[in-house]
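**Q** What follows is my_file-v6.cif, made up of mmCIF, C-alpha atoms and all ligand atoms:
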data_work
#
loop_
_atom_site.label_atom_id
_atom_site.label_comp_id
_atom_site.auth_asym_id
_atom_site.auth_seq_id
_atom_site.Cartn_x
_atom_site.Cartn_y
_atom_site.Cartn_z
CA MET T 1 74.77 41.84 -176.72
CA GLN T 2 73.22 41.24 -180.12
CA ARG T 3 72.83 37.50 -180.40
CA ALA T 4 74.09 34.22 -178.99
CA GLU T 5 74.67 30.91 -180.71
CA GLY T 6 76.44 27.78 -179.45
CA CYS T 7 79.13 29.08 -177.09
CA ARG T 8 79.61 32.45 -178.77
CA ILE T 9 78.00 35.82 -178.25
CA GLN T 10 78.01 38.69 -180.72
CA THR T 11 78.16 42.12 -179.13
CA ASP T 12 78.46 45.72 -180.26
CA GLU T 13 82.19 45.29 -179.51
CA GLY T 14 82.69 42.05 -181.47
CA GLU T 15 82.52 38.32 -180.79
CA PHE T 16 83.26 36.64 -177.45
CA ILE T 17 83.53 33.00 -176.44
CA ASP T 18 81.02 32.80 -173.64
CA MET T 19 81.87 31.04 -170.37
CA PHE T 20 78.89 32.60 -168.56
CA MET T 21 76.18 30.91 -170.65
CA ALA T 22 73.33 33.14 -169.47
CA HIS T 23 73.92 32.81 -165.72
CA GLY T 24 74.70 29.13 -166.19
CA SER T 25 71.33 28.46 -167.84
CA ASN T 26 72.42 27.24 -171.24
CA VAL T 27 74.17 23.98 -170.37
CA VAL T 28 73.05 22.58 -173.76
CA GLY T 29 74.40 25.69 -175.55
CA HIS T 30 72.85 28.97 -176.68
CA GLY T 31 70.02 28.58 -179.18
CA ARG T 32 70.24 24.80 -179.25
CA PRO T 33 68.11 23.84 -182.28
CA GLU T 34 66.12 21.14 -180.44
CA VAL T 35 65.15 23.68 -177.75
CA VAL T 36 64.40 26.52 -180.17
CA ASP T 37 62.27 24.21 -182.35
CA ALA T 38 60.29 23.02 -179.31
CA ILE T 39 59.64 26.63 -178.27
CA LYS T 40 58.52 27.54 -181.81
CA GLU T 41 56.25 24.52 -182.00
CA SER T 42 54.71 25.35 -178.60
CA LEU T 43 53.61 28.73 -179.92
CA GLY T 44 51.12 26.87 -182.12
CA THR T 45 49.13 26.12 -178.97
CA GLY T 46 48.60 29.85 -178.41
CA VAL T 47 50.78 31.94 -176.14
CA ILE T 48 49.19 31.07 -172.85
CA ALA T 49 50.24 30.72 -169.25
CA GLY T 50 48.53 29.97 -165.98
CA TYR T 51 46.76 26.73 -166.99
CA GLU T 52 47.53 23.14 -166.08
CA THR T 53 48.57 21.29 -169.24
CA GLY T 54 49.51 17.81 -170.35
CA LEU T 55 52.97 19.16 -171.15
CA GLY T 56 53.27 20.36 -167.54
CA ALA T 57 52.34 16.89 -166.31
CA GLU T 58 54.89 15.35 -168.66
CA VAL T 59 57.76 17.58 -167.48
CA ALA T 60 56.73 17.02 -163.84
CA SER T 61 56.73 13.29 -164.43
CA ILE T 62 60.25 13.39 -165.91
CA LEU T 63 61.47 15.41 -162.89
CA THR T 64 60.07 12.80 -160.50
CA GLN T 65 62.12 10.17 -162.34
CA LEU T 66 65.35 12.17 -162.32
CA VAL T 67 65.57 14.27 -159.14
CA PRO T 68 65.73 12.26 -155.88
CA SER T 69 63.60 14.69 -153.81
CA ALA T 70 60.90 15.07 -156.49
CA GLN T 71 57.71 13.22 -155.64
CA ALA T 72 55.49 16.22 -156.39
CA VAL T 73 56.12 19.27 -158.59
CA ARG T 74 54.82 22.84 -158.90
CA PHE T 75 55.96 25.27 -161.58
CA VAL T 76 56.71 28.98 -161.22
CA ALA T 77 58.49 31.42 -163.50
CA SER T 78 61.73 32.49 -161.77
CA GLY T 79 64.30 31.13 -159.34
CA SER T 80 63.55 33.90 -156.85
CA GLU T 81 59.90 32.89 -156.82
CA ALA T 82 60.80 29.22 -156.33
CA ALA T 83 63.16 29.96 -153.41
CA HIS T 84 60.60 32.30 -151.83
CA ALA T 85 57.76 29.79 -152.26
CA MET T 86 59.84 27.03 -150.65
CA MET T 87 60.30 29.17 -147.55
CA ARG T 88 56.59 29.90 -147.38
CA ILE T 89 55.67 26.23 -147.82
CA ALA T 90 58.11 25.27 -145.05
CA ARG T 91 56.62 27.90 -142.74
CA ALA T 92 53.04 26.81 -143.42
CA TYR T 93 53.89 23.11 -143.17
CA THR T 94 55.59 23.47 -139.79
CA GLN T 95 53.48 26.41 -138.55
CA ARG T 96 56.79 28.01 -137.50
CA ASP T 97 58.47 31.24 -138.58
CA ILE T 98 62.29 31.04 -138.60
CA ILE T 99 64.31 30.04 -141.67
CA ILE T 100 67.95 29.15 -141.05
CA ARG T 101 70.08 30.37 -143.95
CA ILE T 102 73.80 30.20 -144.74
CA ASP T 103 76.13 33.19 -144.64
CA GLY T 104 76.91 34.22 -148.24
CA HIS T 105 74.41 31.97 -150.03
CA PHE T 106 72.37 33.57 -152.81
CA HIS T 107 68.66 32.86 -153.22
CA GLY T 108 67.45 35.62 -155.51
CA GLY T 109 65.33 38.64 -154.78
CA SER T 110 62.91 37.95 -151.92
CA ASP T 111 63.32 40.04 -148.78
CA TYR T 112 64.32 36.94 -146.76
CA ALA T 113 67.15 36.24 -149.22
CA MET T 114 68.63 39.73 -149.07
CA PHE T 115 70.47 39.36 -145.77
CA ASN T 116 74.06 38.03 -145.80
CA GLN T 117 73.85 37.54 -149.56
CA LEU T 118 77.13 36.70 -151.37
CA ALA T 119 80.66 36.75 -149.93
CA PRO T 120 81.03 40.51 -149.29
CA ALA T 121 78.00 40.40 -146.93
CA ILE T 122 79.09 37.55 -144.66
CA ASP T 123 79.59 38.19 -140.95
CA ALA T 124 83.40 38.15 -140.87
CA ASP T 125 83.37 38.60 -137.06
CA ASN T 126 81.60 35.32 -136.40
CA PRO T 127 84.24 33.29 -134.48
CA GLY T 128 82.50 30.05 -135.49
CA GLY T 129 79.82 28.07 -133.71
CA GLN T 130 77.58 31.15 -133.46
CA VAL T 131 74.61 32.64 -135.28
CA SER T 132 75.87 35.43 -137.60
CA ARG T 133 74.77 39.06 -137.46
CA PRO T 134 72.25 39.92 -140.18
CA ILE T 135 74.03 42.05 -142.80
CA ILE T 136 72.24 43.78 -145.64
CA ARG T 137 73.65 45.81 -148.51
CA THR T 138 70.45 47.05 -150.14
CA GLY T 139 67.70 49.45 -149.15
CA GLY T 140 64.00 48.66 -149.19
CA VAL T 141 63.94 45.64 -146.89
CA PRO T 142 62.20 46.21 -143.55
CA ALA T 143 64.58 45.55 -140.62
CA VAL T 144 61.91 43.34 -139.05
CA VAL T 145 62.56 40.72 -141.76
CA ALA T 146 65.89 39.98 -140.04
CA ASP T 147 63.91 38.65 -137.05
CA THR T 148 62.47 35.87 -139.23
CA ILE T 149 65.79 34.37 -140.34
CA ALA T 150 68.86 33.02 -138.55
CA VAL T 151 72.09 33.00 -140.55
CA VAL T 152 74.92 30.57 -139.81
CA PRO T 153 78.34 30.12 -141.44
CA TRP T 154 78.79 27.50 -144.17
CA GLN T 155 80.07 24.12 -143.05
CA ASP T 156 79.80 25.11 -139.39
CA ILE T 157 77.63 22.36 -137.94
CA ASP T 158 78.09 23.71 -134.39
CA ALA T 159 76.60 27.04 -135.48
CA LEU T 160 73.63 25.17 -136.94
CA HIS T 161 73.06 23.41 -133.61
CA THR T 162 73.41 26.78 -131.82
CA ALA T 163 70.71 28.25 -134.09
CA PHE T 164 68.34 25.32 -133.50
CA ALA T 165 68.86 25.70 -129.73
CA ALA T 166 68.44 29.49 -129.79
CA TYR T 167 65.16 29.18 -131.74
CA GLU T 168 63.94 25.95 -130.16
CA GLY T 169 60.57 24.97 -131.62
CA ARG T 170 60.52 27.94 -134.01
CA VAL T 171 62.63 26.73 -136.95
CA ALA T 172 60.54 26.06 -140.05
CA GLY T 173 63.41 25.05 -142.28
CA VAL T 174 67.02 25.22 -143.37
CA LEU T 175 67.74 26.71 -146.80
CA LEU T 176 71.08 26.32 -148.60
CA THR T 177 72.72 25.87 -151.99
CA PRO T 178 74.41 22.43 -151.94
CA ILE T 179 77.14 23.63 -154.32
CA ASP T 180 77.82 27.33 -154.14
CA TYR T 181 78.62 28.46 -157.68
CA ASN T 182 77.49 32.00 -156.87
CA ASN T 183 80.72 32.52 -154.93
CA GLY T 184 82.91 30.65 -157.45
CA CYS T 185 82.57 26.94 -156.77
CA ILE T 186 82.51 25.94 -153.11
CA VAL T 187 81.67 22.30 -152.51
CA PRO T 188 80.83 21.04 -149.02
CA GLU T 189 83.21 18.73 -147.23
CA ARG T 190 82.25 15.13 -146.71
CA ASP T 191 79.26 14.55 -144.44
CA TYR T 192 78.29 18.21 -143.94
CA LEU T 193 75.04 17.97 -145.90
CA ALA T 194 74.18 14.65 -144.24
CA GLN T 195 74.69 16.30 -140.83
CA VAL T 196 72.42 19.20 -141.84
CA ARG T 197 69.83 16.65 -143.03
CA ASP T 198 69.97 14.86 -139.66
CA ALA T 199 69.71 18.10 -137.67
CA ALA T 200 66.70 19.30 -139.70
CA THR T 201 64.93 15.96 -139.24
CA ALA T 202 65.71 15.87 -135.52
CA HIS T 203 64.16 19.32 -135.05
CA GLY T 204 61.13 18.74 -137.28
CA ALA T 205 62.38 21.36 -139.77
CA VAL T 206 62.11 21.22 -143.56
CA LEU T 207 65.40 20.90 -145.46
CA MET T 208 65.42 23.04 -148.63
CA PHE T 209 68.05 22.87 -151.37
CA ASP T 210 68.21 25.83 -153.74
CA GLU T 211 69.42 24.07 -156.89
CA VAL T 212 68.46 26.97 -159.16
CA LEU T 213 72.11 27.22 -160.28
CA SER T 214 73.44 23.77 -159.36
CA GLY T 215 70.56 21.81 -160.96
CA PHE T 216 71.65 19.80 -164.02
CA LYS T 217 75.30 20.89 -163.68
CA THR T 218 76.43 17.64 -162.06
CA GLY T 219 74.04 15.21 -163.72
CA THR T 220 70.31 14.65 -164.06
CA ASP T 221 70.03 13.90 -160.32
CA CYS T 222 71.53 17.34 -159.53
CA ALA T 223 73.79 18.10 -156.53
CA GLN T 224 71.51 16.13 -154.18
CA GLY T 225 72.21 12.98 -156.21
CA MET T 226 75.94 13.69 -156.21
CA PHE T 227 76.02 13.99 -152.39
CA GLY T 228 73.40 11.34 -151.71
CA VAL T 229 71.43 13.68 -149.46
CA THR T 230 67.72 14.18 -150.19
CA PRO T 231 66.09 17.42 -149.06
CA ASP T 232 62.35 17.83 -148.44
CA LEU T 233 62.05 20.64 -151.00
CA THR T 234 64.19 21.69 -153.97
CA ALA T 235 64.10 24.72 -156.26
CA LEU T 236 65.15 24.11 -159.88
CA SER T 237 65.49 26.67 -162.66
CA LYS T 238 68.03 28.01 -165.18
CA ALA T 239 69.45 24.87 -166.87
CA LEU T 240 66.06 23.18 -166.40
CA SER T 241 64.62 25.19 -169.27
CA SER T 242 67.69 26.57 -171.11
CA SER T 243 67.03 30.23 -170.24
CA MET T 244 63.26 30.24 -170.74
CA PRO T 245 61.47 31.60 -167.65
CA LEU T 246 60.41 28.40 -165.91
CA SER T 247 61.26 27.10 -162.45
CA ALA T 248 60.09 24.17 -160.43
CA ILE T 249 59.53 23.55 -156.76
CA VAL T 250 59.79 19.83 -156.15
CA GLY T 251 59.56 17.84 -152.95
CA SER T 252 57.99 15.13 -150.88
CA VAL T 253 54.25 14.61 -151.27
CA ASP T 254 53.86 15.25 -147.54
CA VAL T 255 55.45 18.72 -147.56
CA MET T 256 54.24 19.71 -151.04
CA SER T 257 50.64 18.90 -150.07
CA THR T 258 50.73 22.06 -147.97
CA VAL T 259 49.82 24.00 -151.13
CA MET T 260 46.66 21.90 -151.53
CA ARG T 261 45.33 22.69 -148.07
CA PRO T 262 42.98 25.65 -147.69
CA GLY T 263 43.29 28.11 -144.83
CA LEU T 264 46.14 28.87 -142.50
CA THR T 265 47.54 25.33 -142.33
CA GLY T 266 48.06 25.45 -146.08
CA THR T 267 49.63 28.09 -148.26
CA ILE T 268 48.93 29.88 -151.51
CA GLN T 269 51.36 29.34 -154.37
CA GLY T 270 50.74 30.16 -158.00
CA GLY T 271 51.09 32.86 -160.63
CA THR T 272 50.09 33.93 -164.10
CA TYR T 273 53.32 32.67 -165.68
CA ALA T 274 53.54 29.49 -163.61
CA GLY T 275 53.91 26.58 -166.02
CA ASN T 276 53.92 28.76 -169.15
CA ILE T 277 53.89 26.61 -172.28
CA PRO T 278 57.03 27.90 -174.07
CA GLY T 279 58.97 27.41 -170.81
CA LEU T 280 57.66 23.87 -170.41
CA ALA T 281 58.46 23.11 -174.06
CA ALA T 282 62.03 24.30 -173.51
CA ALA T 283 62.27 22.21 -170.33
CA LYS T 284 60.99 19.07 -172.06
CA ALA T 285 63.46 19.50 -174.94
CA THR T 286 66.33 20.22 -172.52
CA LEU T 287 65.54 17.26 -170.28
CA ASP T 288 65.39 15.00 -173.35
CA LEU T 289 68.88 16.20 -174.34
CA VAL T 290 70.51 15.82 -170.92
CA ARG T 291 68.87 12.42 -170.35
CA ALA T 292 70.77 10.93 -173.29
CA PRO T 293 73.25 8.45 -171.76
CA ASP T 294 76.35 10.08 -173.24
CA PHE T 295 75.40 13.72 -172.52
CA TYR T 296 77.18 14.21 -169.19
CA PRO T 297 80.12 11.81 -169.78
CA SER T 298 80.97 13.62 -173.01
CA LEU T 299 80.55 17.06 -171.40
CA TYR T 300 82.69 16.13 -168.36
CA ASP T 301 85.47 14.72 -170.56
CA ARG T 302 85.80 18.09 -172.26
CA ALA T 303 85.31 20.11 -169.08
CA GLU T 304 87.78 18.16 -166.97
CA ALA T 305 90.50 18.33 -169.61
CA PHE T 306 89.91 22.08 -169.70
CA TYR T 307 90.14 22.47 -165.90
CA ARG T 308 93.44 20.53 -165.92
CA ASP T 309 94.83 22.70 -168.71
CA LEU T 310 93.68 25.85 -166.93
CA ARG T 311 95.44 24.88 -163.69
CA ASP T 312 98.63 24.02 -165.62
CA MET T 313 98.42 27.34 -167.45
CA PHE T 314 98.18 29.39 -164.23
CA ALA T 315 101.16 27.49 -162.76
CA ARG T 316 103.20 27.94 -165.95
CA VAL T 317 102.48 31.65 -166.24
CA GLY T 318 102.91 32.28 -162.51
CA LEU T 319 99.53 33.87 -161.77
CA PRO T 320 98.33 32.62 -158.37
CA ALA T 321 94.88 31.12 -159.02
CA THR T 322 92.81 28.19 -157.82
CA VAL T 323 90.35 26.50 -160.19
CA GLN T 324 87.53 24.62 -158.46
CA HIS T 325 84.83 22.68 -160.25
CA ALA T 326 81.85 20.41 -159.84
CA GLY T 327 80.45 18.88 -163.00
CA CYS T 328 80.33 21.49 -165.75
CA GLY T 329 80.36 24.52 -163.40
CA PHE T 330 83.62 26.02 -162.19
CA GLY T 331 85.10 28.99 -160.40
CA ILE T 332 88.46 30.78 -160.66
CA TYR T 333 89.88 32.36 -157.49
CA VAL T 334 92.68 34.72 -158.45
CA GLY T 335 95.10 35.57 -155.63
CA THR T 336 95.50 32.16 -154.00
CA THR T 337 96.79 28.70 -154.81
CA GLU T 338 95.09 27.15 -151.77
CA PRO T 339 91.76 25.28 -151.89
CA VAL T 340 88.88 27.65 -151.15
CA VAL T 341 86.49 26.20 -148.60
CA ASN T 342 84.86 29.25 -147.02
CA TYR T 343 83.86 32.82 -147.71
CA ALA T 344 86.23 34.42 -145.22
CA GLN T 345 88.97 33.30 -147.64
CA VAL T 346 87.17 34.76 -150.65
CA ARG T 347 87.11 38.17 -148.97
CA GLU T 348 90.84 38.16 -148.31
CA PHE T 349 92.09 37.64 -151.87
CA ASP T 350 93.66 40.41 -153.88
CA GLY T 351 90.58 41.97 -155.49
CA GLU T 352 92.72 44.17 -157.76
CA LEU T 353 94.60 41.19 -159.23
CA ARG T 354 91.31 39.45 -159.91
CA ARG T 355 89.82 42.57 -161.47
CA GLN T 356 92.86 42.93 -163.75
CA PHE T 357 92.76 39.29 -164.87
CA PHE T 358 89.02 39.28 -165.50
CA ALA T 359 89.25 42.58 -167.43
CA ALA T 360 92.15 41.16 -169.51
CA CYS T 361 90.06 38.05 -170.32
CA ILE T 362 87.25 40.23 -171.58
CA ALA T 363 89.72 42.34 -173.58
CA ASN T 364 90.92 39.04 -175.12
CA GLY T 365 87.42 37.94 -176.12
CA VAL T 366 86.41 35.58 -173.29
CA TYR T 367 83.20 36.63 -171.59
CA PHE T 368 82.09 35.71 -168.10
CA HIS T 369 80.47 37.39 -165.18
CA THR T 370 80.13 35.76 -161.73
CA ASP T 371 80.10 32.06 -162.49
CA PHE T 372 81.48 29.87 -165.25
CA THR T 373 79.90 27.05 -167.23
CA VAL T 374 81.34 24.65 -169.78
CA SER T 375 78.37 23.85 -172.01
CA ASP T 376 77.71 21.07 -174.48
CA ALA T 377 78.34 23.63 -177.23
CA HIS T 378 82.00 24.10 -176.15
CA THR T 379 84.08 21.85 -178.39
CA PRO T 380 87.66 20.88 -177.45
CA GLU T 381 88.77 23.45 -180.06
CA ASP T 382 86.66 26.20 -178.44
CA LEU T 383 88.08 25.35 -175.02
CA HIS T 384 91.61 25.38 -176.42
CA GLU T 385 90.90 28.84 -177.80
CA VAL T 386 89.59 29.98 -174.38
CA LEU T 387 92.76 28.66 -172.79
CA THR T 388 95.00 30.48 -175.26
CA ARG T 389 93.11 33.73 -174.69
CA MET T 390 93.16 33.29 -170.90
CA GLU T 391 96.91 32.56 -171.02
CA HIS T 392 97.45 35.76 -172.91
CA ALA T 393 95.34 37.61 -170.31
CA ALA T 394 97.26 36.01 -167.42
CA LYS T 395 100.63 36.95 -168.96
CA THR T 396 99.48 40.54 -169.37
CA VAL T 397 98.59 40.69 -165.67
CA VAL T 398 101.79 38.98 -164.48
C1 LIG P 401 71.07 29.81 -156.27
C2 LIG P 401 70.12 30.82 -156.86
N1 LIG P 401 68.90 30.96 -156.32
C3 LIG P 401 68.01 31.84 -156.82
C4 LIG P 401 68.33 32.64 -157.90
C5 LIG P 401 67.32 33.62 -158.44
O1 LIG P 401 66.84 33.19 -159.67
P1 LIG P 401 66.13 34.24 -160.67
O2 LIG P 401 67.20 35.18 -161.12
O3 LIG P 401 65.56 33.40 -161.78
O4 LIG P 401 65.05 34.94 -159.89
C6 LIG P 401 69.59 32.52 -158.49
C7 LIG P 401 69.97 33.38 -159.64
O5 LIG P 401 71.12 33.53 -159.99
C8 LIG P 401 70.51 31.59 -157.95
O6 LIG P 401 71.74 31.46 -158.47
#
Could you spell out this file's structure in structure tokens?
**A**
Amino acid sequence: MQRAEGCRIQTDEGEFIDMFMAHGSNVVGHGRPEVVDAIKESLGTGVIAGYETGLGAEVASILTQLVPSAQAVRFVASGSEAAHAMMRIARAYTQRDIIIRIDGHFHGGSDYAMFNQLAPAIDADNPGGQVSRPIIRTGGVPAVVADTIAVVPWQDIDALHTAFAAYEGRVAGVLLTPIDYNNGCIVPERDYLAQVRDAATAHGAVLMFDEVLSGFKTGTDCAQGMFGVTPDLTALSKALSSSMPLSAIVGSVDVMSTVMRPGLTGTIQGGTYAGNIPGLAAAKATLDLVRAPDFYPSLYDRAEAFYRDLRDMFARVGLPATVQHAGCGFGIYVGTTEPVVNYAQVREFDGELRRQFFAACIANGVYFHTDFTVSDAHTPEDLHEVLTRMEHAAKTVV
């Protein structure tokens, strides 16, 4: 890759229309002038990180107005750090050790996140209602880490109750991604998140939403606003700061106060790059853009027309594919025309057909990787061009 602008990337092999948008980070478009100008201007304050600043307070204040769970805010640099810190805060707050996680959900690079990460690592033998086996596909993580987490299948409320019963009095929190874009776009069925909320409250456990990828894809109130379920802690990143390294941990004052307490009933959270000024400047500029009243309605109009056209195209060409979306994020499952609601399904699809279609898209100048984003920089004309190129790719495969 050489450079990115709007919805296009220039590479050593020519230009692509980008549907990946830097891991879903550039919802306002690559190199959006308002964001770039804010970053440039921030450099006049000196390139510093690791201080509390007025800009940090301003961005935190905006987050408390927009995100339902945000009463208090801490900044870190990456999504992995934010997800890891949430788990540590939950453990210190409850003085318990077990984190319940969901089979297949992705939470970045901490050791606790490495088990059962993404669809290929789910416990396919779980009959339902049970705690899954820990499955790991990387070296370097001590096996003992598996004893500190309990993994349950997605949308399996019985399995969640089983885990709470099996670890009675030991569960610090439940960590999940409310919309799973990392495995395409899997949206929970009605009431599931509310049931998880109730179970966590009943057992005195902290509910944590990892909205690193889902944040600001479905509106300024994020997935938690869309579902009307408020977690105790939330991790935000990516679209928050349009690709600049800045993440936020937000949550209730009660739980977040754990980081203010000294000693073993509190916890340490911080870092050199926490709240770095260029990252905060990018976040402020991004939040100002997405807070404009017509930002999401205009984006959704374009995105939803595109999803409709994409579904029609697959049907017309005869390539079996399901397109699922939430807000401006979407997933394409090649090999099925059924709705995709769980990861067992994702594993069963024809991987070769998917590989061929995705390779043909790239050969036709449409770039994507694991997840797809329609950004504010994608005009109806750009999306029409994507559709034409994808149709050509689909025909080649058929
Ligand atoms: C849901 C989720 N959590 C955490 C992370 C990790 O974020 P980072 O790559 O900034 O460490 C990602 C990254 O893709 C993510 O999608």
**Q** Return the single residue from T:Leu55, T:Ala393, T:Val206, T:Leu299 that is closest to Gly279 (chain T), with distances computed using only C-alpha atoms.
**A**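 Looking only at the distances to Gly279 (chain T), the closest residue turns out to be T:Leu55.
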**Q** Env of Thr177 (chain T): 10 Å cut, atoms = all atoms listed in the file, seq-sep filter 6 positions within chain, self excluded. Answer as a PyMOL selection string.
**A** chain T and resi 101-102+105-107+186-188+208-214+223+234-235
**Q** Taking all atoms listed in the file into account, list the residues no farther than 10 Å from ligand LIG 401 (chain P), as a PyMOL selection string.
**A** chain T and resi 22-25+76-84+105-110+113+176-183+209-215+235-238+243-247+370-371
**Q** For Gly6 (chain T), list every protein, DNA or RNA residue within 12 Å, evaluated using all atoms listed in the file, and leave out those in the same chain fewer than 6 positions away; present the list as a PyMOL selection string.
**A** chain T and resi 16-19+21-22+26-33+374-379+382
**Q** Next, the residues of the selection above should be written as an mmCIF file, in the frame of the given file with C-alpha atoms.
**A**
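In the end it all went to result-v7.cif:
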data_model
loop_
_atom_site.group_PDB
_atom_site.id
_atom_site.type_symbol
_atom_site.label_atom_id
_atom_site.label_comp_id
_atom_site.auth_asym_id
_atom_site.auth_seq_id
_atom_site.Cartn_x
_atom_site.Cartn_y
_atom_site.Cartn_z
ATOM 1 C CA PHE T 16 83.260 36.640 -177.450
ATOM 2 C CA ILE T 17 83.530 33.000 -176.440
ATOM 3 C CA ASP T 18 81.020 32.800 -173.640
ATOM 4 C CA MET T 19 81.870 31.040 -170.370
ATOM 5 C CA MET T 21 76.180 30.910 -170.650
ATOM 6 C CA ALA T 22 73.330 33.140 -169.470
ATOM 7 C CA ASN T 26 72.420 27.240 -171.240
ATOM 8 C CA VAL T 27 74.170 23.980 -170.370
ATOM 9 C CA VAL T 28 73.050 22.580 -173.760
ATOM 10 C CA GLY T 29 74.400 25.690 -175.550
ATOM 11 C CA HIS T 30 72.850 28.970 -176.680
ATOM 12 C CA GLY T 31 70.020 28.580 -179.180
ATOM 13 C CA ARG T 32 70.240 24.800 -179.250
ATOM 14 C CA PRO T 33 68.110 23.840 -182.280
ATOM 15 C CA VAL T 374 81.340 24.650 -169.780
ATOM 16 C CA SER T 375 78.370 23.850 -172.010
ATOM 17 C CA ASP T 376 77.710 21.070 -174.480
ATOM 18 C CA ALA T 377 78.340 23.630 -177.230
ATOM 19 C CA HIS T 378 82.000 24.100 -176.150
ATOM 20 C CA THR T 379 84.080 21.850 -178.390
ATOM 21 C CA ASP T 382 86.660 26.200 -178.440
#
**Q** Find the residue from T:Cys185, T:Arg74, T:Gly266, T:Ala85 that sits nearest to Gln324 (chain T); use all atoms listed in the file when measuring.
**A**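 Once distances to Gln324 (chain T) are computed over all atoms listed in the file, the minimum belongs to T:Cys185.
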**Q** Taking (59.8, 24.3, -178.7) in the file's coordinates, which residues come within 9 Å, counting all atoms listed in the file, written as a PyMOL selection string?
**A** chain T and resi 34-43+278-285
**Q** Which one of T:Val145, T:Gly318, T:Ala70, T:Val151 sits closest to Met256 (chain T) if you count all atoms listed in the file?
**A**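 Residue with the minimum atom-to-atom distance to Met256 (chain T): T:Ala70.
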**Q** Tell me which of T:Asp111, T:Asp125, T:Ala163, T:Met313 sits closest to Val141 (chain T), counting all atoms listed in the file.
**A**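 Using all atoms listed in the file, Val141 (chain T) sits closest to T:Asp111.
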**Q** Can you tell me, as a PyMOL selection string, what residues are no more than 12 Å from Phe349 (chain T) when counting all atoms listed in the file, ignoring any on the same chain fewer than 3 positions away?
**A** chain T and resi 119-120+320-322+332-338+340+343-346+352-355
